[in-house]
Each structure stands twice: as structure tokens, then as C-alpha cells.
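A.B. asks: my_file-v3.pdb is reproduced in full below (PDB, C-alpha atoms and all ligand atoms).
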ATOM      1  CA  MET W  28      40.979 -18.515  59.942  1.00  0.00           C
ATOM      2  CA  LYS W  29      42.440 -15.276  61.177  1.00  0.00           C
ATOM      3  CA  LYS W  30      45.216 -13.933  58.957  1.00  0.00           C
ATOM      4  CA  GLU W  31      48.508 -12.508  60.079  1.00  0.00           C
ATOM      5  CA  LEU W  32      50.718  -9.990  58.364  1.00  0.00           C
ATOM      6  CA  VAL W  33      54.098 -11.470  57.592  1.00  0.00           C
ATOM      7  CA  THR W  34      57.065  -9.623  56.155  1.00  0.00           C
ATOM      8  CA  LEU W  35      59.700 -11.696  54.429  1.00  0.00           C
ATOM      9  CA  THR W  36      62.765 -10.667  52.507  1.00  0.00           C
ATOM     10  CA  VAL W  37      62.695 -13.122  49.643  1.00  0.00           C
ATOM     11  CA  ASN W  38      65.633 -13.220  47.243  1.00  0.00           C
ATOM     12  CA  GLY W  39      66.520  -9.701  48.328  1.00  0.00           C
ATOM     13  CA  GLU W  40      63.039  -8.197  47.978  1.00  0.00           C
ATOM     14  CA  GLU W  41      60.857  -7.344  50.933  1.00  0.00           C
ATOM     15  CA  LYS W  42      57.346  -8.797  50.718  1.00  0.00           C
ATOM     16  CA  THR W  43      54.498  -8.218  53.147  1.00  0.00           C
ATOM     17  CA  LEU W  44      51.476 -10.467  52.885  1.00  0.00           C
ATOM     18  CA  ALA W  45      48.472 -11.542  54.892  1.00  0.00           C
ATOM     19  CA  THR W  46      48.389 -15.269  55.472  1.00  0.00           C
ATOM     20  CA  ALA W  47      46.640 -17.765  57.710  1.00  0.00           C
ATOM     21  CA  ALA W  48      48.722 -18.614  60.748  1.00  0.00           C
ATOM     22  CA  ASN W  49      48.865 -22.308  59.865  1.00  0.00           C
ATOM     23  CA  ARG W  50      50.314 -21.973  56.352  1.00  0.00           C
ATOM     24  CA  SER W  51      53.759 -23.304  55.660  1.00  0.00           C
ATOM     25  CA  LEU W  52      56.557 -21.214  54.241  1.00  0.00           C
ATOM     26  CA  LEU W  53      56.557 -23.620  51.274  1.00  0.00           C
ATOM     27  CA  ASN W  54      52.934 -22.884  50.443  1.00  0.00           C
ATOM     28  CA  VAL W  55      53.399 -19.151  50.734  1.00  0.00           C
ATOM     29  CA  LEU W  56      56.459 -19.228  48.485  1.00  0.00           C
ATOM     30  CA  ARG W  57      54.768 -21.345  45.842  1.00  0.00           C
ATOM     31  CA  GLU W  58      51.172 -20.130  45.973  1.00  0.00           C
ATOM     32  CA  ASP W  59      51.406 -16.491  47.054  1.00  0.00           C
ATOM     33  CA  LEU W  60      54.773 -15.492  45.632  1.00  0.00           C
ATOM     34  CA  ASN W  61      54.722 -17.818  42.606  1.00  0.00           C
ATOM     35  CA  LEU W  62      58.218 -19.104  43.398  1.00  0.00           C
ATOM     36  CA  THR W  63      57.575 -22.614  42.169  1.00  0.00           C
ATOM     37  CA  GLY W  64      61.231 -23.560  41.885  1.00  0.00           C
ATOM     38  CA  THR W  65      60.969 -24.788  45.463  1.00  0.00           C
ATOM     39  CA  LYS W  66      59.341 -28.194  45.159  1.00  0.00           C
ATOM     40  CA  GLN W  67      56.653 -29.843  47.217  1.00  0.00           C
ATOM     41  CA  GLY W  68      57.621 -33.482  47.587  1.00  0.00           C
ATOM     42  CA  CYS W  69      56.558 -35.362  50.688  1.00  0.00           C
ATOM     43  CA  ASP W  70      55.273 -32.246  52.517  1.00  0.00           C
ATOM     44  CA  ASP W  71      56.306 -34.070  55.656  1.00  0.00           C
ATOM     45  CA  GLY W  72      59.966 -33.266  56.302  1.00  0.00           C
ATOM     46  CA  ASP W  73      61.407 -36.393  54.705  1.00  0.00           C
ATOM     47  CA  CYS W  74      62.629 -35.565  51.195  1.00  0.00           C
ATOM     48  CA  GLY W  75      64.374 -32.178  51.188  1.00  0.00           C
ATOM     49  CA  ALA W  76      62.762 -31.052  47.916  1.00  0.00           C
ATOM     50  CA  CYS W  77      61.444 -27.936  49.661  1.00  0.00           C
ATOM     51  CA  THR W  78      64.807 -26.767  51.020  1.00  0.00           C
ATOM     52  CA  VAL W  79      65.369 -23.009  51.075  1.00  0.00           C
ATOM     53  CA  LEU W  80      67.822 -20.821  52.948  1.00  0.00           C
ATOM     54  CA  LEU W  81      66.591 -18.952  56.004  1.00  0.00           C
ATOM     55  CA  ASP W  82      69.130 -16.323  57.008  1.00  0.00           C
ATOM     56  CA  GLY W  83      71.622 -18.368  55.015  1.00  0.00           C
ATOM     57  CA  GLU W  84      70.920 -21.741  56.634  1.00  0.00           C
ATOM     58  CA  PRO W  85      69.077 -24.558  54.871  1.00  0.00           C
ATOM     59  CA  VAL W  86      65.598 -25.305  56.233  1.00  0.00           C
ATOM     60  CA  LEU W  87      62.711 -27.489  55.136  1.00  0.00           C
ATOM     61  CA  SER W  88      60.095 -24.966  54.111  1.00  0.00           C
ATOM     62  CA  CYS W  89      57.280 -27.529  54.326  1.00  0.00           C
ATOM     63  CA  MET W  90      57.968 -27.885  58.046  1.00  0.00           C
ATOM     64  CA  MET W  91      58.098 -24.210  58.831  1.00  0.00           C
ATOM     65  CA  LEU W  92      55.240 -21.805  59.295  1.00  0.00           C
ATOM     66  CA  ALA W  93      55.486 -18.733  57.109  1.00  0.00           C
ATOM     67  CA  ALA W  94      54.792 -16.674  60.234  1.00  0.00           C
ATOM     68  CA  SER W  95      57.963 -18.085  61.794  1.00  0.00           C
ATOM     69  CA  ALA W  96      59.979 -16.556  58.964  1.00  0.00           C
ATOM     70  CA  ASP W  97      58.631 -13.076  59.737  1.00  0.00           C
ATOM     71  CA  CYS W  98      61.360 -10.419  59.403  1.00  0.00           C
ATOM     72  CA  ARG W  99      63.863 -12.963  58.139  1.00  0.00           C
ATOM     73  CA  GLU W 100      65.678 -13.518  54.868  1.00  0.00           C
ATOM     74  CA  VAL W 101      64.582 -16.334  52.607  1.00  0.00           C
ATOM     75  CA  THR W 102      66.572 -17.444  49.576  1.00  0.00           C
ATOM     76  CA  THR W 103      65.029 -19.827  47.085  1.00  0.00           C
ATOM     77  CA  ILE W 104      66.541 -21.492  44.038  1.00  0.00           C
ATOM     78  CA  GLU W 105      65.348 -18.502  42.010  1.00  0.00           C
ATOM     79  CA  GLY W 106      67.539 -16.239  44.126  1.00  0.00           C
ATOM     80  CA  LEU W 107      70.828 -17.968  43.412  1.00  0.00           C
ATOM     81  CA  ALA W 108      71.336 -16.838  39.822  1.00  0.00           C
ATOM     82  CA  ARG W 109      72.568 -13.286  39.414  1.00  0.00           C
ATOM     83  CA  GLU W 110      71.769 -11.030  36.489  1.00  0.00           C
ATOM     84  CA  GLY W 111      70.484 -13.991  34.543  1.00  0.00           C
ATOM     85  CA  LYS W 112      73.662 -16.005  35.086  1.00  0.00           C
ATOM     86  CA  LEU W 113      73.793 -19.285  36.916  1.00  0.00           C
ATOM     87  CA  ASP W 114      75.384 -19.635  40.312  1.00  0.00           C
ATOM     88  CA  ARG W 115      78.392 -21.976  40.275  1.00  0.00           C
ATOM     89  CA  VAL W 116      76.426 -24.787  41.938  1.00  0.00           C
ATOM     90  CA  GLN W 117      73.637 -24.522  39.379  1.00  0.00           C
ATOM     91  CA  ALA W 118      76.234 -24.481  36.619  1.00  0.00           C
ATOM     92  CA  ALA W 119      78.036 -27.534  37.969  1.00  0.00           C
ATOM     93  CA  PHE W 120      74.811 -29.549  38.251  1.00  0.00           C
ATOM     94  CA  TRP W 121      74.203 -28.647  34.622  1.00  0.00           C
ATOM     95  CA  THR W 122      77.674 -29.485  33.305  1.00  0.00           C
ATOM     96  CA  GLU W 123      78.058 -32.665  35.398  1.00  0.00           C
ATOM     97  CA  GLY W 124      74.570 -33.979  34.707  1.00  0.00           C
ATOM     98  CA  GLY W 125      73.629 -33.986  38.393  1.00  0.00           C
ATOM     99  CA  MET W 126      69.940 -34.303  37.613  1.00  0.00           C
ATOM    100  CA  GLN W 127      67.494 -36.473  35.727  1.00  0.00           C
ATOM    101  CA  CYS W 128      63.856 -35.620  36.415  1.00  0.00           C
ATOM    102  CA  GLY W 129      65.051 -32.546  38.291  1.00  0.00           C
ATOM    103  CA  PHE W 130      62.461 -32.707  41.036  1.00  0.00           C
ATOM    104  CA  CYS W 131      65.022 -32.954  43.825  1.00  0.00           C
ATOM    105  CA  THR W 132      67.425 -30.561  42.117  1.00  0.00           C
ATOM    106  CA  PRO W 133      66.403 -27.196  43.626  1.00  0.00           C
ATOM    107  CA  GLY W 134      66.691 -28.595  47.148  1.00  0.00           C
ATOM    108  CA  MET W 135      69.975 -30.324  46.313  1.00  0.00           C
ATOM    109  CA  ILE W 136      71.425 -27.135  44.890  1.00  0.00           C
ATOM    110  CA  VAL W 137      70.280 -24.970  47.805  1.00  0.00           C
ATOM    111  CA  SER W 138      71.763 -27.422  50.330  1.00  0.00           C
ATOM    112  CA  SER W 139      74.996 -27.621  48.319  1.00  0.00           C
ATOM    113  CA  TYR W 140      75.182 -23.849  48.059  1.00  0.00           C
ATOM    114  CA  ALA W 141      74.933 -23.567  51.856  1.00  0.00           C
ATOM    115  CA  LEU W 142      77.585 -26.255  52.302  1.00  0.00           C
ATOM    116  CA  LEU W 143      80.072 -24.467  50.040  1.00  0.00           C
ATOM    117  CA  LYS W 144      79.453 -21.180  51.844  1.00  0.00           C
ATOM    118  CA  ARG W 145      80.489 -22.677  55.165  1.00  0.00           C
ATOM    119  CA  ASN W 146      83.025 -25.164  53.803  1.00  0.00           C
ATOM    120  CA  PRO W 147      84.620 -24.171  50.480  1.00  0.00           C
ATOM    121  CA  ASP W 148      86.514 -27.434  50.085  1.00  0.00           C
ATOM    122  CA  PRO W 149      84.341 -30.264  51.368  1.00  0.00           C
ATOM    123  CA  SER W 150      85.352 -33.907  51.257  1.00  0.00           C
ATOM    124  CA  GLU W 151      83.097 -36.437  49.577  1.00  0.00           C
ATOM    125  CA  HIS W 152      81.972 -37.563  53.023  1.00  0.00           C
ATOM    126  CA  GLU W 153      81.088 -33.984  53.986  1.00  0.00           C
ATOM    127  CA  ILE W 154      79.139 -33.506  50.757  1.00  0.00           C
ATOM    128  CA  ARG W 155      77.185 -36.710  51.271  1.00  0.00           C
ATOM    129  CA  ASP W 156      76.546 -35.743  54.889  1.00  0.00           C
ATOM    130  CA  ALA W 157      75.320 -32.255  53.919  1.00  0.00           C
ATOM    131  CA  LEU W 158      72.949 -33.791  51.356  1.00  0.00           C
ATOM    132  CA  SER W 159      71.737 -36.596  53.588  1.00  0.00           C
ATOM    133  CA  ASN W 160      68.338 -34.912  54.021  1.00  0.00           C
ATOM    134  CA  ASN W 161      67.880 -34.474  50.272  1.00  0.00           C
ATOM    135  CA  LEU W 162      66.513 -37.576  48.589  1.00  0.00           C
ATOM    136  CA  CYS W 163      66.825 -38.367  44.892  1.00  0.00           C
ATOM    137  CA  ARG W 164      65.010 -41.221  43.201  1.00  0.00           C
ATOM    138  CA  CYS W 165      66.841 -40.948  39.872  1.00  0.00           C
ATOM    139  CA  THR W 166      70.556 -40.267  39.893  1.00  0.00           C
ATOM    140  CA  GLY W 167      72.162 -42.635  42.378  1.00  0.00           C
ATOM    141  CA  TYR W 168      73.870 -39.527  43.852  1.00  0.00           C
ATOM    142  CA  THR W 169      77.266 -40.034  42.190  1.00  0.00           C
ATOM    143  CA  LYS W 170      76.797 -37.253  39.644  1.00  0.00           C
ATOM    144  CA  ILE W 171      75.321 -34.992  42.303  1.00  0.00           C
ATOM    145  CA  VAL W 172      78.398 -35.421  44.499  1.00  0.00           C
ATOM    146  CA  THR W 173      80.658 -34.876  41.469  1.00  0.00           C
ATOM    147  CA  ALA W 174      78.738 -31.697  40.656  1.00  0.00           C
ATOM    148  CA  VAL W 175      79.284 -30.316  44.144  1.00  0.00           C
ATOM    149  CA  GLN W 176      82.984 -31.205  43.992  1.00  0.00           C
ATOM    150  CA  HIS W 177      83.164 -29.465  40.635  1.00  0.00           C
ATOM    151  CA  ALA W 178      81.316 -26.402  41.951  1.00  0.00           C
ATOM    152  CA  ALA W 179      83.852 -26.154  44.758  1.00  0.00           C
ATOM    153  CA  THR W 180      86.569 -25.599  42.147  1.00  0.00           C
ATOM    154  CA  PHE W 181      84.677 -22.793  40.385  1.00  0.00           C
ATOM    155  CA  GLU W 182      85.922 -19.727  42.201  1.00  0.00           C
ATOM    156  CA  GLU W 183      83.713 -17.531  40.089  1.00  0.00           C
ATOM    157  CA  PHE W 184      81.609 -19.200  37.454  1.00  0.00           C
ATOM    158  CA  LEU W 185      80.229 -15.859  36.352  1.00  0.00           C
ATOM    159  CA  ASP W 186      83.612 -15.043  34.782  1.00  0.00           C
ATOM    160  CA  LYS W 187      83.471 -18.239  32.745  1.00  0.00           C
ATOM    161  CA  GLN W 188      80.101 -17.285  31.271  1.00  0.00           C
ATOM    162  CA  SER W 189      81.132 -13.820  30.115  1.00  0.00           C
TER     163      SER W 189
HETATM  164  S1  LIG W 201      58.509 -31.452  50.780  1.00  0.00           S
HETATM  165 FE1  LIG W 201      59.565 -30.734  52.523  1.00  0.00          FE
HETATM  166  S2  LIG W 201      60.818 -32.368  53.137  1.00  0.00           S
HETATM  167 FE2  LIG W 201      59.660 -33.184  51.484  1.00  0.00          FE
HETATM  168  S1  LIG W 202      66.735 -36.167  39.612  1.00  0.00           S
HETATM  169 FE1  LIG W 202      64.802 -37.113  39.883  1.00  0.00          FE
HETATM  170  S2  LIG W 202      64.490 -37.139  42.032  1.00  0.00           S
HETATM  171 FE2  LIG W 202      66.502 -36.431  41.765  1.00  0.00          FE
END
Show me, as C-alpha cells, the structure contained in the file I just sent.
C.D. replies:
Amino acid sequence: MKKELVTLTVNGEEKTLATAANRSLLNVLREDLNLTGTKQGCDDGDCGACTVLLDGEPVLSCMMLAASADCREVTTIEGLAREGKLDRVQAAFWTEGGMQCGFCTPGMIVSSYALLKRNPDPSEHEIRDALSNNLCRCTGYTKIVTAVQHAATFEEFLDKQS
């Protein structure tokens, strides 16, 4: 199949690669850029494990062609930590035990991160609504919701780690 040149800014770094026109953003992230934090669950738009930010908005990377992300900014779970320190949402999932197997966790955290950017003080209903496209088979969601509520109270978790 004919390849296309695609330029993505991924976690702040510009990457140009040649890829077949029918490849998903998820596959390019995982297979070409080795960013395996983004998980491949259903590969069919149902589970949310593949959620990344596209220009700051959560998208299902399994449902998006890499070519459609040309010249746009992609943020994966790997891009949330700064200088080796966890983002507040990552930290809260850790301290609140918002994960068991962890397979859903990157997508949960990316969706939660986007929620807190647009709504710094979400209600429980708003958190559950924002995570309604992210499925978890392990936790029962209570600890995940608690983690997001906790993250909302961390103004700057980086200070707490130093
Ligand atoms: S892997 Fe994309 S929604 Fe399930
Ligand atoms: S922690 Fe296992 S699927 Fe969510």
C-alpha cells in the first residue's frame, strides 16, 4: 500500500514518518514510536484503553487514522509526567489505588487529565460522565473516581514530590 508522510508532535517532539494510509494512530504510536503506554484493548472504539489527547482533547486512537493527526499535537500517557515526576492524576491513581491490572489505567488517566483541565472541580457525576467511555474490568470504578477527586485537590503535585 502506498505510504504517506505524516508529521505528528508527540509529547512535545515533532516526528515525521512514512505510514500506510490505513494505519491507526494507535498502531503508529505503539509500533512505530514505541509508545506502548497507550493500550490496545478492543481496537473497535468500545473500551477507551487507547485514549490519547489530540490537541488537548481525548480521542480514541484506535478509531483514528494516523494521517488524520497530521500536523497536530498528540499527548500520550508517557507525556504527562514531567522531568521524571508524575502528573497529579498519575500520582492520585497511585496513592488511591485506582488500578488493579492497570490495563485501562493509561486511558483512564488521560481522560481524567483532560477533564481536570477543562473542569478543575468536577462533581462525582461529572467524573463518571467523563470516564463513561473508559471501561475497567477490575476496580468497580469507586477508587478511580476517588483518585480523580483527589487529583483535583492537588494544585501542584510536583511540589509534594520535591
Ligand atoms: S482499543 Fe480503542 S476503544 Fe478499545
Ligand atoms: S484495572 Fe484492570 S481493567 Fe481497569
A.B. asks: Applying 12 Å and all atoms listed in the file, which residues near Lys42 (chain W) remain after dropping the ones on its own chain fewer than 4 positions away? List them as a PyMOL selection string.
C.D. replies: chain W and resi 32-38+55-56+59-60+93+96-101
A.B. asks: Report as a list in words the residues that result from applying the PyMOL selection byres (((chain W and resi 86) around 10) and not hetatm) to the structure here.
C.D. replies: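 Answer for the PyMOL selection byres (((chain W and resi 86) around 10) and not hetatm): Gly72, Gly75, Cys77, Thr78, Val79, Leu80, Leu81, Asp82, Gly83, Glu84, Pro85, Leu87, Ser88, Cys89, Met90, Met91, Val101, Gly134, Val137 and Ser138 of chain W.
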A.B. asks: Report the centre and edge lengths, in Å to one decimal, of an axis-aligned box enclosing every atom of ligand LIG 202 (chain W) listed in the file, padded by 5 Å on each side, as AutoDock Vina command-line options.
C.D. replies:
--center_x 65.6 --center_y -36.7 --center_z 40.8 --size_x 12.2 --size_y 11.0 --size_z 12.4
A.B. asks: Closest to ligand LIG 201 (chain W) among W:Phe181, W:Tyr140, W:Tyr168, W:Phe130, using all atoms listed in the file?
C.D. replies: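 Closest residue, counting all atoms listed in the file: W:Phe130.
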A.B. asks: Any chance you could work out the residue set of the PyMOL selection byres (((chain W and resi 45) around 6) and not hetatm) here, as number ranges by chain?
C.D. replies: W: 30-32, 44, 46
A.B. asks: Just how far from CA of Arg57 (chain W) is CA of Gly129 (chain W), in Å to one decimal?
C.D. replies: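 Atom-to-atom, CA of Gly129 (chain W) to CA of Arg57 (chain W), that is 17.0 Å.
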A.B. asks: Using only C-alpha atoms, which of W:Thr180, W:Thr103, W:Ser95, W:Thr132 sits nearest Asp148 (chain W)?
C.D. replies: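 Smallest separation from Asp148 (chain W) among the options: W:Thr180.
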A.B. asks: May I ask you to write as a PDB file with C-alpha atoms, in the coordinates of the input all residues lying at most 6 Å from ligand LIG 202 (chain W), with all atoms listed in the file counted?
C.D. replies:
ATOM      1  CA  MET W 126      69.940 -34.303  37.613  1.00  0.00           C
ATOM      2  CA  GLN W 127      67.494 -36.473  35.727  1.00  0.00           C
ATOM      3  CA  CYS W 128      63.856 -35.620  36.415  1.00  0.00           C
ATOM      4  CA  GLY W 129      65.051 -32.546  38.291  1.00  0.00           C
ATOM      5  CA  PHE W 130      62.461 -32.707  41.036  1.00  0.00           C
ATOM      6  CA  CYS W 131      65.022 -32.954  43.825  1.00  0.00           C
ATOM      7  CA  THR W 132      67.425 -30.561  42.117  1.00  0.00           C
ATOM      8  CA  CYS W 163      66.825 -38.367  44.892  1.00  0.00           C
ATOM      9  CA  ARG W 164      65.010 -41.221  43.201  1.00  0.00           C
ATOM     10  CA  CYS W 165      66.841 -40.948  39.872  1.00  0.00           C
ATOM     11  CA  THR W 166      70.556 -40.267  39.893  1.00  0.00           C
TER      12      THR W 166
END
A.B. asks: Go through W:Ile136, W:Ala48, W:Val116, W:Leu162 and flag the residue nearest ligand LIG 201 (chain W), using all atoms listed in the file for the distances.
C.D. replies: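 The closest residue to ligand LIG 201 (chain W) is W:Leu162.
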A.B. asks: Would you work out the distance separating CA of Ala174 (chain W) from CA of Leu52 (chain W), expressed in Å to one decimal?
C.D. replies: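 According to the coordinates, CA of Ala174 (chain W) and CA of Leu52 (chain W) are separated by 28.0 Å.
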A.B. asks: When you count all atoms listed in the file, which of these residues is closest to ligand LIG 201 (chain W): W:Met28, W:Leu143, W:Val175, W:Met135?
C.D. replies: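 Nearest candidate to ligand LIG 201 (chain W) out of W:Met28, W:Leu143, W:Val175, W:Met135: W:Met135.
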A.B. asks: To one decimal place in Å, what is the distance between CA of Arg115 (chain W) and CA of Asp70 (chain W)?
C.D. replies: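 Computed distance, CA of Arg115 (chain W) to CA of Asp70 (chain W), equals 28.1 Å.
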A.B. asks: Would you mind telling me which residue in W:Thr169, W:Thr102, W:Ser150, W:Gln67 lies nearest to ligand LIG 201 (chain W) when using all atoms listed in the file?
C.D. replies: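 Using all atoms listed in the file, ligand LIG 201 (chain W) sits closest to W:Gln67.
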A.B. asks: For ligand LIG 201 (chain W), which of W:Thr122, W:Asn61, W:Ser51, W:Ser139 is the closest residue, counting only C-alpha atoms and all ligand atoms?
C.D. replies: W:Ser51
A.B. asks: Give me the residues near Pro149 (chain W) as a list in words, where near means some atom within 12 Å (using all atoms listed in the file) and where sequence neighbours in that chain fewer than 2 positions away do not count.
C.D. replies: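 So the residues in contact are Ser139, Tyr140, Ala141, Leu142, Leu143, Lys144, Arg145, Asn146, Pro147, Glu151, His152, Glu153, Ile154, Arg155, Asp156, Ala157, Leu158, Val172, Thr173, Val175, Gln176, His177, Ala178, Ala179 and Thr180 of chain W.
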